[in-house]
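Below is target-v3.txt, which holds compact mmCIF, C-alpha atoms.
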```txt
# COMPACT_ATOMS: atom_id res chain seq x y z
CA MET A 772 28.23 22.65 158.15
CA ILE A 773 29.33 23.84 154.69
CA LEU A 774 32.95 23.03 155.48
CA ASP A 775 31.91 19.72 157.05
CA GLY A 776 30.21 18.74 153.77
CA PHE A 777 33.18 19.93 151.73
CA ASP A 778 35.67 17.92 153.76
CA VAL A 779 33.63 14.72 153.99
CA GLN A 780 33.10 14.71 150.23
CA SER A 781 36.61 15.90 149.27
CA ILE A 782 38.01 12.38 148.96
CA SER A 783 35.35 11.41 146.42
CA TYR A 784 36.29 14.31 144.16
CA ALA A 785 40.01 13.62 144.53
CA ALA A 786 39.54 9.85 144.01
CA PRO A 787 39.65 9.72 140.16
CA ALA A 788 42.91 11.72 140.13
CA ILE A 789 44.41 9.60 142.95
CA LEU A 790 43.41 6.42 141.11
CA GLN A 791 45.14 7.68 137.98
CA GLU A 792 48.27 9.00 139.72
CA TRP A 793 48.94 6.13 142.11
CA GLN A 794 47.69 3.33 139.80
CA ILE A 795 45.92 1.49 142.62
CA GLU A 796 43.03 -0.98 142.58
CA LYS A 797 39.50 0.41 142.80
CA ALA A 798 38.81 -1.80 145.82
CA GLN A 799 41.60 0.03 147.71
CA LEU A 800 39.72 3.28 147.18
CA GLY A 801 36.73 1.60 148.78
CA THR A 802 38.88 1.05 151.87
CA VAL A 803 39.85 4.74 151.89
CA PHE A 804 36.19 5.77 151.70
CA GLY A 805 35.25 3.28 154.39
CA ALA A 806 38.04 4.38 156.76
CA GLY A 807 36.94 8.01 156.69
CA LEU A 808 33.32 7.10 157.23
CA PHE A 809 34.22 4.69 160.05
CA GLY A 810 35.93 7.66 161.71
CA LEU A 811 32.69 9.63 161.31
CA PHE A 812 30.84 6.73 162.93
CA ILE A 813 33.11 6.70 166.00
CA GLY A 814 33.20 10.50 166.19
CA SER A 815 29.43 10.90 166.07
CA LEU A 816 29.02 8.42 168.95
CA VAL A 817 31.75 9.71 171.24
CA PHE A 818 31.30 13.44 170.72
CA SER A 819 27.50 13.31 170.82
CA TYR A 820 27.76 11.83 174.30
CA LEU A 821 30.39 14.38 175.35
CA SER A 822 28.25 17.20 173.98
CA ASP A 823 25.35 16.24 176.25
CA LYS A 824 27.82 16.33 179.17
CA LEU A 825 30.10 19.28 178.28
CA GLY A 826 27.94 21.43 176.01
CA ARG A 827 27.51 21.96 172.26
CA ARG A 828 29.89 24.92 171.96
CA PRO A 829 33.23 23.42 173.17
CA VAL A 830 32.72 20.22 171.17
CA LEU A 831 31.98 22.17 167.98
CA LEU A 832 35.02 24.43 168.50
CA TRP A 833 37.57 21.72 169.19
CA SER A 834 36.32 19.28 166.57
CA THR A 835 36.41 21.99 163.88
CA LEU A 836 40.01 22.86 164.72
CA PHE A 837 40.93 19.17 164.81
CA PHE A 838 39.57 18.26 161.38
CA ALA A 839 41.09 21.44 159.89
CA ILE A 840 44.57 20.35 160.95
CA CYS A 841 43.98 16.80 159.72
CA MET A 842 42.84 18.02 156.28
CA ILE A 843 46.02 20.07 155.83
CA ILE A 844 48.19 17.07 156.77
CA THR A 845 46.26 14.88 154.29
CA ALA A 846 47.57 17.00 151.39
CA PHE A 847 51.07 15.64 152.08
CA VAL A 848 50.38 11.88 152.20
CA GLN A 849 52.57 9.73 149.97
CA ASN A 850 50.77 6.39 149.75
CA ILE A 851 47.44 4.63 150.19
CA GLU A 852 48.23 3.43 153.74
CA GLN A 853 48.86 6.97 154.98
CA LEU A 854 45.70 8.17 153.25
CA ILE A 855 43.59 5.48 154.95
CA ILE A 856 44.93 6.45 158.40
CA LEU A 857 44.47 10.20 157.86
CA ARG A 858 40.93 9.80 156.55
CA PHE A 859 39.99 7.78 159.65
CA ILE A 860 41.49 10.34 162.03
CA THR A 861 39.89 13.25 160.15
CA GLY A 862 36.54 11.47 160.31
CA LEU A 863 36.67 11.52 164.13
CA GLY A 864 36.48 15.32 164.11
CA LEU A 865 34.01 15.55 161.24
CA GLY A 866 31.65 13.11 162.99
CA ALA A 867 31.05 15.62 165.80
CA ILE A 868 29.72 18.40 163.58
CA MET A 869 26.34 17.23 162.27
CA PRO A 870 24.68 16.02 165.52
CA ASN A 871 25.92 19.01 167.52
CA ALA A 872 24.91 21.58 164.93
CA MET A 873 21.47 19.98 164.58
CA ALA A 874 20.93 19.87 168.35
CA LEU A 875 22.14 23.44 168.88
CA CYS A 876 19.88 24.68 166.09
CA GLY A 877 16.86 22.77 167.39
CA GLU A 878 17.35 24.18 170.89
CA ILE A 879 17.23 27.86 169.92
CA THR A 880 14.45 27.61 167.31
CA PRO A 881 10.70 28.05 167.99
CA GLN A 882 8.65 24.87 167.72
CA LYS A 883 6.69 25.95 164.63
CA GLN A 884 9.82 26.50 162.53
CA ARG A 885 12.03 23.87 164.14
CA VAL A 886 12.00 21.24 161.37
CA SER A 887 12.45 23.65 158.46
CA VAL A 888 15.23 25.57 160.25
CA MET A 889 17.07 22.39 161.26
CA MET A 890 16.87 21.16 157.67
CA PHE A 891 18.02 24.55 156.39
CA ILE A 892 21.06 24.39 158.68
CA SER A 893 21.79 20.79 157.71
CA CYS A 894 21.51 21.93 154.09
CA GLY A 895 24.92 23.49 154.68
CA PHE A 896 26.41 20.01 154.44
CA THR A 897 25.07 19.40 150.92
CA VAL A 898 25.95 22.97 149.87
CA GLY A 899 29.53 22.30 150.97
CA ALA A 900 29.63 18.97 149.17
CA MET A 901 28.20 20.61 146.03
CA LEU A 902 30.59 23.59 146.11
CA GLY A 903 33.41 21.15 146.71
CA GLY A 904 32.61 19.46 143.41
CA PHE A 905 32.62 22.71 141.43
CA LEU A 906 35.78 23.89 143.16
CA ALA A 907 37.54 20.53 142.72
CA ALA A 908 36.68 20.53 138.98
CA PHE A 909 38.77 23.71 138.74
CA LEU A 910 41.49 22.97 141.30
CA ILE A 911 42.51 19.40 140.42
CA PRO A 912 43.44 19.93 136.73
CA HIS A 913 45.42 23.09 137.63
CA PHE A 914 46.92 22.39 141.06
CA GLY A 915 46.53 18.66 141.69
CA TRP A 916 44.25 16.72 144.05
CA GLN A 917 46.27 17.87 147.08
CA SER A 918 44.88 21.40 146.67
CA VAL A 919 41.38 20.18 147.57
CA PHE A 920 42.58 19.07 151.02
CA LEU A 921 44.59 22.25 151.61
CA ILE A 922 41.54 24.42 150.93
CA GLY A 923 39.45 22.06 153.08
CA GLY A 924 41.82 22.62 156.02
CA ILE A 925 42.68 26.31 155.78
CA PHE A 926 39.10 27.60 155.75
CA PRO A 927 37.82 25.76 158.87
CA ALA A 928 41.00 26.83 160.72
CA ILE A 929 40.11 30.46 159.95
CA LEU A 930 36.46 29.84 160.86
CA VAL A 931 37.41 28.73 164.39
CA ILE A 932 38.47 32.32 165.13
CA PHE A 933 34.96 33.57 164.32
CA MET A 934 33.32 30.64 166.12
CA LEU A 935 35.06 31.67 169.34
CA LYS A 936 33.15 34.96 169.24
CA TYR A 937 29.85 34.09 167.60
CA ILE A 938 28.88 30.48 168.40
CA PRO A 939 26.60 30.48 171.49
CA GLU A 940 25.93 27.68 173.92
CA SER A 941 22.52 26.00 173.77
CA LEU A 942 20.03 27.83 176.01
CA GLN A 943 18.27 24.62 176.99
CA TYR A 944 21.61 22.97 177.83
CA MET A 945 22.56 25.92 180.08
CA VAL A 946 19.18 25.87 181.85
CA LEU A 947 19.63 22.16 182.58
CA HIS A 948 23.30 22.29 183.59
CA ARG A 949 24.13 25.91 184.49
CA PRO A 950 20.82 27.50 185.58
CA GLU A 951 22.55 30.43 187.32
CA SER A 952 24.41 31.56 184.19
CA PRO A 953 23.67 35.24 183.34
CA LYS A 954 24.00 34.36 179.65
CA ILE A 955 20.58 32.69 179.77
CA HIS A 956 18.78 35.91 180.66
CA SER A 957 20.82 38.10 178.28
CA SER A 958 20.25 35.71 175.36
CA LEU A 959 16.50 35.47 175.93
CA ALA A 960 16.31 39.24 176.35
CA ALA A 961 17.88 39.58 172.90
CA PHE A 962 15.39 37.08 171.45
CA TYR A 963 12.41 38.79 173.09
CA PRO A 964 13.16 42.53 173.44
CA GLY A 965 10.68 44.41 175.55
CA GLU A 966 9.39 41.29 177.34
CA GLU A 967 9.56 41.10 181.13
CA LEU A 968 11.59 37.99 181.86
CA PRO A 969 12.28 36.18 185.16
CA GLN A 970 15.82 36.02 186.52
CA ARG A 971 15.80 32.23 186.81
CA PHE A 972 14.61 29.65 184.31
CA GLU A 973 13.78 25.97 184.60
CA ALA A 974 13.57 23.13 182.10
CA VAL A 975 11.60 19.94 182.56
CA LYS A 976 13.99 17.03 182.84
CA PRO A 977 12.87 13.86 181.07
CA GLN A 978 12.48 10.62 182.97
CA GLY A 979 15.22 8.05 182.59
CA SER A 980 18.84 7.66 183.52
CA MET A 981 21.79 7.37 181.14
CA PRO A 982 21.14 9.14 177.79
CA VAL A 983 21.67 6.08 175.56
CA LYS A 984 19.43 3.97 177.76
CA ALA A 985 16.81 6.72 177.67
CA LEU A 986 16.45 6.29 173.89
CA PHE A 987 14.69 2.98 174.63
CA GLU A 988 12.62 4.03 177.66
CA HIS A 989 8.99 5.14 177.94
CA GLY A 990 7.88 3.80 174.57
CA ARG A 991 10.75 5.33 172.59
CA HIS A 992 12.28 2.00 171.56
CA ARG A 993 10.09 1.51 168.49
CA PHE A 994 10.94 4.93 167.10
CA THR A 995 14.64 4.47 167.94
CA PHE A 996 14.93 1.13 166.14
CA SER A 997 12.96 2.36 163.13
CA ILE A 998 14.91 5.62 162.70
CA TRP A 999 18.21 3.71 163.01
CA THR A 1000 17.08 1.31 160.29
CA ILE A 1001 15.97 4.13 157.99
CA SER A 1002 19.21 6.05 158.49
CA LEU A 1003 21.36 2.97 157.89
CA LEU A 1004 19.56 2.02 154.66
CA ASN A 1005 19.64 5.55 153.26
CA MET A 1006 23.32 5.99 154.00
CA ILE A 1007 24.17 2.80 152.10
CA ALA A 1008 22.74 4.25 148.90
CA LEU A 1009 23.82 7.83 149.62
CA TYR A 1010 27.48 7.06 150.19
CA PHE A 1011 27.71 4.47 147.45
CA LEU A 1012 26.57 7.15 144.99
CA SER A 1013 28.42 10.14 146.46
CA SER A 1014 31.67 8.15 146.81
CA TRP A 1015 31.72 6.25 143.53
CA LEU A 1016 29.72 8.31 141.02
CA PRO A 1017 32.63 10.55 139.88
CA THR A 1018 34.92 7.53 139.53
CA LEU A 1019 32.26 5.49 137.68
CA ALA A 1020 31.65 8.39 135.31
CA LYS A 1021 35.39 8.76 134.63
CA LEU A 1022 35.65 5.04 133.88
CA THR A 1023 32.82 5.31 131.31
CA GLY A 1024 34.88 7.81 129.32
CA MET A 1025 33.81 11.17 130.79
CA SER A 1026 36.47 13.84 131.22
CA LEU A 1027 37.76 14.40 134.74
CA GLU A 1028 36.01 17.78 134.94
CA SER A 1029 32.65 16.31 133.80
CA ALA A 1030 32.96 13.37 136.20
CA VAL A 1031 33.58 15.70 139.15
CA LEU A 1032 30.73 17.99 138.04
CA LEU A 1033 28.43 14.96 138.01
CA GLY A 1034 29.18 14.47 141.71
CA ALA A 1035 28.45 18.15 142.28
CA THR A 1036 25.11 17.74 140.47
CA LEU A 1037 24.18 14.96 142.89
CA GLN A 1038 24.87 17.31 145.80
CA LEU A 1039 23.03 20.19 144.07
CA GLY A 1040 19.94 17.99 143.94
CA GLY A 1041 20.40 17.27 147.63
CA THR A 1042 20.64 20.97 148.46
CA VAL A 1043 17.42 21.82 146.61
CA GLY A 1044 15.69 18.76 148.07
CA THR A 1045 16.68 19.65 151.63
CA ILE A 1046 15.29 23.20 151.39
CA LEU A 1047 12.01 22.25 149.72
CA MET A 1048 11.33 19.18 151.84
CA GLY A 1049 11.94 21.15 155.02
CA LEU A 1050 9.20 23.60 154.03
CA TRP A 1051 6.83 20.83 152.96
CA ILE A 1052 7.35 18.76 156.12
CA ASP A 1053 6.53 21.74 158.35
CA ARG A 1054 3.17 21.94 156.56
CA VAL A 1055 2.09 18.31 156.15
CA GLY A 1056 4.40 16.15 158.30
CA PHE A 1057 7.25 13.72 157.71
CA HIS A 1058 5.50 10.65 156.33
CA ARG A 1059 3.46 12.38 153.63
CA ILE A 1060 6.67 13.76 152.11
CA LEU A 1061 9.22 11.02 152.75
CA VAL A 1062 7.22 8.00 151.52
CA PRO A 1063 6.79 9.34 147.94
CA CYS A 1064 10.31 10.79 148.13
CA TYR A 1065 11.89 7.35 148.54
CA LEU A 1066 9.63 5.74 145.97
CA VAL A 1067 11.02 8.24 143.45
CA ALA A 1068 14.55 7.57 144.75
CA ALA A 1069 14.25 3.83 144.16
CA ALA A 1070 12.94 4.35 140.63
CA GLY A 1071 15.64 6.90 139.79
CA ILE A 1072 18.53 4.75 140.98
CA ALA A 1073 17.19 1.71 139.13
CA LEU A 1074 16.94 3.75 135.89
CA LEU A 1075 20.38 5.34 136.23
CA GLY A 1076 22.31 2.56 134.51
CA GLY A 1077 20.20 2.91 131.35
CA THR A 1078 20.99 6.62 130.93
CA VAL A 1079 24.81 6.46 130.80
CA ASN A 1080 24.93 6.98 127.02
CA MET A 1081 22.63 10.05 127.15
CA ILE A 1082 24.68 12.51 129.17
CA TRP A 1083 21.96 15.17 129.51
CA LEU A 1084 19.47 12.61 130.83
CA PHE A 1085 22.16 11.10 133.05
CA PHE A 1086 22.69 14.50 134.73
CA ILE A 1087 18.91 15.00 135.18
CA VAL A 1088 18.42 11.59 136.80
CA VAL A 1089 21.45 12.18 139.06
CA PHE A 1090 19.91 15.51 140.16
CA ILE A 1091 16.60 13.75 141.01
CA ILE A 1092 18.43 11.07 142.97
CA GLY A 1093 20.32 13.75 144.90
CA PHE A 1094 17.03 15.57 145.57
CA THR A 1095 15.50 12.46 147.16
CA VAL A 1096 18.34 10.42 148.68
CA ILE A 1097 20.63 13.24 149.85
CA GLY A 1098 17.79 15.70 150.44
CA GLY A 1099 15.95 13.09 152.48
CA GLN A 1100 18.78 12.48 154.96
CA PRO A 1101 18.45 15.86 156.74
CA ALA A 1102 14.73 15.12 157.08
CA ILE A 1103 15.62 11.83 158.78
CA ASN A 1104 18.01 13.72 161.11
CA ALA A 1105 15.35 16.35 161.79
CA MET A 1106 12.82 13.63 162.61
CA ALA A 1107 15.20 12.30 165.27
CA ALA A 1108 15.99 15.78 166.64
CA ASP A 1109 12.28 16.65 166.76
CA PHE A 1110 11.42 13.43 168.60
CA TYR A 1111 13.93 13.34 171.49
CA PRO A 1112 13.90 15.69 174.53
CA THR A 1113 16.69 18.23 175.15
CA GLU A 1114 18.53 16.20 177.80
CA PHE A 1115 19.58 13.59 175.25
CA ARG A 1116 18.67 15.18 171.91
CA THR A 1117 22.28 15.23 170.68
CA THR A 1118 22.68 11.63 171.80
CA GLY A 1119 19.49 10.67 169.94
CA VAL A 1120 20.57 12.39 166.73
CA GLY A 1121 24.14 11.18 167.16
CA TRP A 1122 23.17 7.53 167.57
CA SER A 1123 20.75 7.77 164.65
CA LEU A 1124 23.59 9.18 162.56
CA ALA A 1125 25.91 6.51 163.95
CA ALA A 1126 23.54 3.82 162.68
CA GLY A 1127 23.61 5.65 159.38
CA ARG A 1128 27.40 5.73 159.48
CA ILE A 1129 27.40 1.94 159.48
CA GLY A 1130 25.52 2.16 156.20
CA SER A 1131 27.90 4.85 154.97
CA ILE A 1132 30.80 2.43 155.53
CA ILE A 1133 28.97 -0.47 153.90
CA GLY A 1134 28.02 1.58 150.81
CA PRO A 1135 31.49 2.53 149.51
CA VAL A 1136 33.11 -0.79 150.46
CA LEU A 1137 30.25 -2.70 148.82
CA GLY A 1138 30.69 -0.45 145.78
CA GLY A 1139 34.35 -1.36 145.50
CA TRP A 1140 33.52 -5.05 145.67
CA LEU A 1141 30.68 -4.76 143.13
CA MET A 1142 32.88 -2.84 140.70
CA GLN A 1143 35.50 -5.57 140.87
CA ASN A 1144 32.85 -8.19 140.02
CA GLU A 1145 33.14 -8.72 136.27
CA ASN A 1146 29.83 -10.62 136.12
CA LEU A 1147 27.80 -7.51 136.98
CA GLU A 1148 26.66 -5.12 134.26
CA PRO A 1149 26.37 -1.41 135.24
CA HIS A 1150 22.57 -1.45 135.16
CA GLN A 1151 22.51 -4.51 137.47
CA LEU A 1152 24.76 -2.67 139.91
CA PHE A 1153 22.26 0.20 140.13
CA TYR A 1154 19.38 -2.24 140.65
CA ILE A 1155 21.16 -3.42 143.80
CA VAL A 1156 21.71 0.15 145.04
CA ALA A 1157 17.97 0.89 144.60
CA VAL A 1158 16.96 -1.82 147.10
CA PRO A 1159 17.63 0.21 150.32
CA SER A 1160 15.21 2.96 149.20
CA VAL A 1161 12.47 0.36 148.72
CA PHE A 1162 12.97 -0.92 152.26
CA ILE A 1163 12.95 2.65 153.63
CA VAL A 1164 9.44 3.09 152.25
CA LEU A 1165 8.38 -0.11 153.99
CA VAL A 1166 9.80 1.03 157.34
CA PHE A 1167 8.05 4.41 157.10
CA LEU A 1168 4.77 2.62 156.35
CA LEU A 1169 5.41 0.32 159.34
CA GLN A 1170 5.93 3.39 161.56
CA LYS A 1171 2.59 4.72 160.39
CA TYR A 1172 0.86 1.37 160.89
CA LEU A 1173 2.23 0.99 164.43
CA GLY A 1174 1.19 4.55 165.27
CA ILE A 1175 4.65 5.62 166.39
CA LYS A 1176 4.33 9.22 167.57
CA HIS A 1177 6.52 11.75 169.27
CA THR A 1178 6.73 11.17 173.00
CA SER A 1179 8.95 14.13 173.91
```
Could I get this structure in the form of structure tokens?
Amino acid sequence: MILDGFDVQSISYAAPAILQEWQIEKAQLGTVFGAGLFGLFIGSLVFSYLSDKLGRRPVLLWSTLFFAICMIITAFVQNIEQLIILRFITGLGLGAIMPNAMALCGEITPQKQRVSVMMFISCGFTVGAMLGGFLAAFLIPHFGWQSVFLIGGIFPAILVIFMLKYIPESLQYMVLHRPESPKIHSSLAAFYPGEELPQRFEAVKPQGSMPVKALFEHGRHRFTFSIWTISLLNMIALYFLSSWLPTLAKLTGMSLESAVLLGATLQLGGTVGTILMGLWIDRVGFHRILVPCYLVAAAGIALLGGTVNMIWLFFIVVFIIGFTVIGGQPAINAMAADFYPTEFRTTGVGWSLAAGRIGSIIGPVLGGWLMQNENLEPHQLFYIVAVPSVFIVLVFLLQKYLGIKHTS
């Protein structure tokens, strides 16, 4: 998950240097951002479905190796067209990581700790994105933007070797699809030493047929539509900010190192937010945390444009926005993972993320268009980006009003 976050965010940190070196239009960078995120969209759909059929482990292994190779190749691109193609292809592999890791984690974690542990694991994404910013601030001035992609490819390639030995298959998946596997008993014996366990285990299969269809059956349709809407809206703001903030800061006169560190600060806020909100949600529930969270997010984004000239305040507000917007996304993913049954949990999380990926494509491309619009002042641009967080609050309140509850 750390390397997933590093690699997804790598293009944003390299963008100011690429813009300067290649002398391209800002709108073309928006296309690069959008291509990578469109690849994530396709990857999360396809590989989430395959994971429910083939297992979490093989999909995680092969997708990690795939995006590692693609990242290394990206370091050698020569023009914007090649970069667009490579970011799309890399996104296919990266799109498989989040839903599979979340599902695997949720299926080996006790119910009482499930949300906080899933959010802790998903926190790896924001840690990787944050570390990527600090590392890029050092690497790019000394070794060029290509070094970011080389590091982002070499480390996951090495990690695959360890994954082969240490990544287990989901216990619930094996009970449903390979009930005779001896690994089920040996794994549970390790979890519960000293307990007398049966030799054969069963899992209750949910009603319904095809996994995607099952997301809309037995009263699940209202939750499915609402979580898709929330994920889409949040990703618009999240990826506008995470993609464009370093470039916007560089254009306002910040040094390259400071601009990249600003992006890292956004991710640092997301890391802290993910950890704390996971603990809070386990205690009081999703809605009591996420409604005030997104009210603060909307206010912070709207105020951001007025703090550009006060760099210390600018960094503080960016941290708060990261805490709420980026820190809130794992909570949205955890809500989906906690709602759907095992048989199509990865599909449920994957399609929720896929809806979000549509927003993640819209955000950067919309940002490129807005930045080309000479009639918009910077503070007006941030007013627009604050709108999705306002609507998220309304959807959460609608969920509460309609009494949408977990049916799994």
Find the residues of stretch 1078-1102 of chain A that sit at most 12 Å from stretch 1162-1176 of chain A; for each, write down the nearest two atoms and how far apart they are in Å, to one decimal. Count only C-alpha atoms. Sort by chain, then by number going up, and give it as a tab-separated table.
```
residue	atom	partner	partner_atom	distance
A:Val1096	CA	A:Ile1163	CA	10.7
A:Gly1099	CA	A:Ile1163	CA	10.9
A:Gln1100	CA	A:Ile1163	CA	11.5
```
Practice prompt. Choose the residue, out of A:Thr835, A:Ser815, A:Gln849, A:Ser1123, that has the smallest atom-to-atom separation from A:Phe926; count only C-alpha atoms.
Written response: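 Looking at the shortest contact to A:Phe926, the residue is A:Thr835.
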Fill in: A:Gln799 environment, 10 Å, all atoms listed in the file, sequence neighbours closer than 6 positions dropped, as a ChimeraX atom specification
/A:790,805,851-852,855,1136,1139-1140
Take the residues that were just selected and, keeping C-alpha atoms, output them as a PDB file, in the coordinates of the input.
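Heads up, here's the output in result_25.pdb:
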```pdb
ATOM      1  CA  LEU A 790      43.410   6.420 141.110  1.00  0.00           C
ATOM      2  CA  GLY A 805      35.250   3.280 154.390  1.00  0.00           C
ATOM      3  CA  ILE A 851      47.440   4.630 150.190  1.00  0.00           C
ATOM      4  CA  GLU A 852      48.230   3.430 153.740  1.00  0.00           C
ATOM      5  CA  ILE A 855      43.590   5.480 154.950  1.00  0.00           C
ATOM      6  CA  VAL A1136      33.110  -0.790 150.460  1.00  0.00           C
ATOM      7  CA  GLY A1139      34.350  -1.360 145.500  1.00  0.00           C
ATOM      8  CA  TRP A1140      33.520  -5.050 145.670  1.00  0.00           C
TER       9      TRP A1140
END
```
Discussion item. What's the separation between atom CA of A:Thr1000 and atom CA of A:Thr861, in Å to one decimal place?
Written reply: 25.7 Å
Worksheet item: Expressed in Å to a single decimal, how great is the separation between atom CA of A:Arg858 and atom CA of A:Ile892?
Response: 24.7 Å
Discussion item. Given the point (33.2, 16.1, 175.4) in the coordinates of this file, which residues lie within 8 Å, counting only C-alpha atoms, and how would they look as a ChimeraX atom specification?
Written reply: /A:817-826,829-830
Practice prompt. Measuring atom to atom with all atoms listed in the file, identify which of A:Leu921, A:Val779, A:Ala874, A:Ile1082 is nearest to A:Phe1115.
Written response: A:Ala874
Fill in: For A:Pro1159: contacts at 9 Å, all atoms listed in the file, fewer than 6 positions along chain excluded, given as a list in words
Ile1001, Leu1003, Leu1004, Asn1005, Met1006, Ile1007, Ala1008 and Ala1069 of chain A
Discussion item. Residues near A:Phe891, anyone? I mean within 7 Å using only C-alpha atoms, not counting same-chain ones fewer than 3 positions away, as a list in words.
Written reply: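 After dropping sequence-adjacent residues, the list is Ser887, Val888, Cys894, Thr1045 and Ile1046 of chain A.
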Worksheet item: Between atom CA of A:Ser1131 and atom CA of A:Ile1103, what is the spacing in Å?
Response: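 Result for atom CA of A:Ile1103 versus atom CA of A:Ser1131: 14.6 Å, one decimal.
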Item to complete: For A:Phe809, list every protein, DNA or RNA residue within 8 Å, evaluated using only C-alpha atoms, and leave out those in the same chain fewer than 5 positions away; present the list as a PyMOL selection string.
Response: chain A and resi 859+862+1128-1129+1132
Worksheet item: For A:Gly866, which of A:Lys883, A:Pro964, A:Trp793, A:Gly776 is the closest residue, counting all atoms listed in the file?
Response: A:Gly776
Worksheet item: Between A:Val946, A:Leu986, A:Ala867, A:Leu1084, which is the closest to A:Leu816 once you count only C-alpha atoms?
Response: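 Counting only C-alpha atoms, the residue closest to A:Leu816 is A:Ala867.
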Practice prompt. Find the residues near stretch 912-916 of chain A: any atom within 8 Å, counting all atoms listed in the file, skip ones fewer than 5 places away on the same chain, and give them as a count of residues only.
Written response: 5
Item to complete: Return the single residue from A:Ile1087, A:Ala1102, A:Ala1068, A:Ile1092 that is closest to A:Ile1052, with distances computed using only C-alpha atoms.
Response: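 Of A:Ile1087, A:Ala1102, A:Ala1068, A:Ile1092, the one nearest A:Ile1052 is A:Ala1102, counting only C-alpha atoms.
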Item to complete: Compare A:Tyr1010, A:Phe812, A:Tyr784, A:Phe1057 by their minimum atom-to-atom distance to A:Phe1110, counting only C-alpha atoms, and give me the closest one.
Response: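 Among the listed residues, A:Phe1057 lies closest to A:Phe1110.
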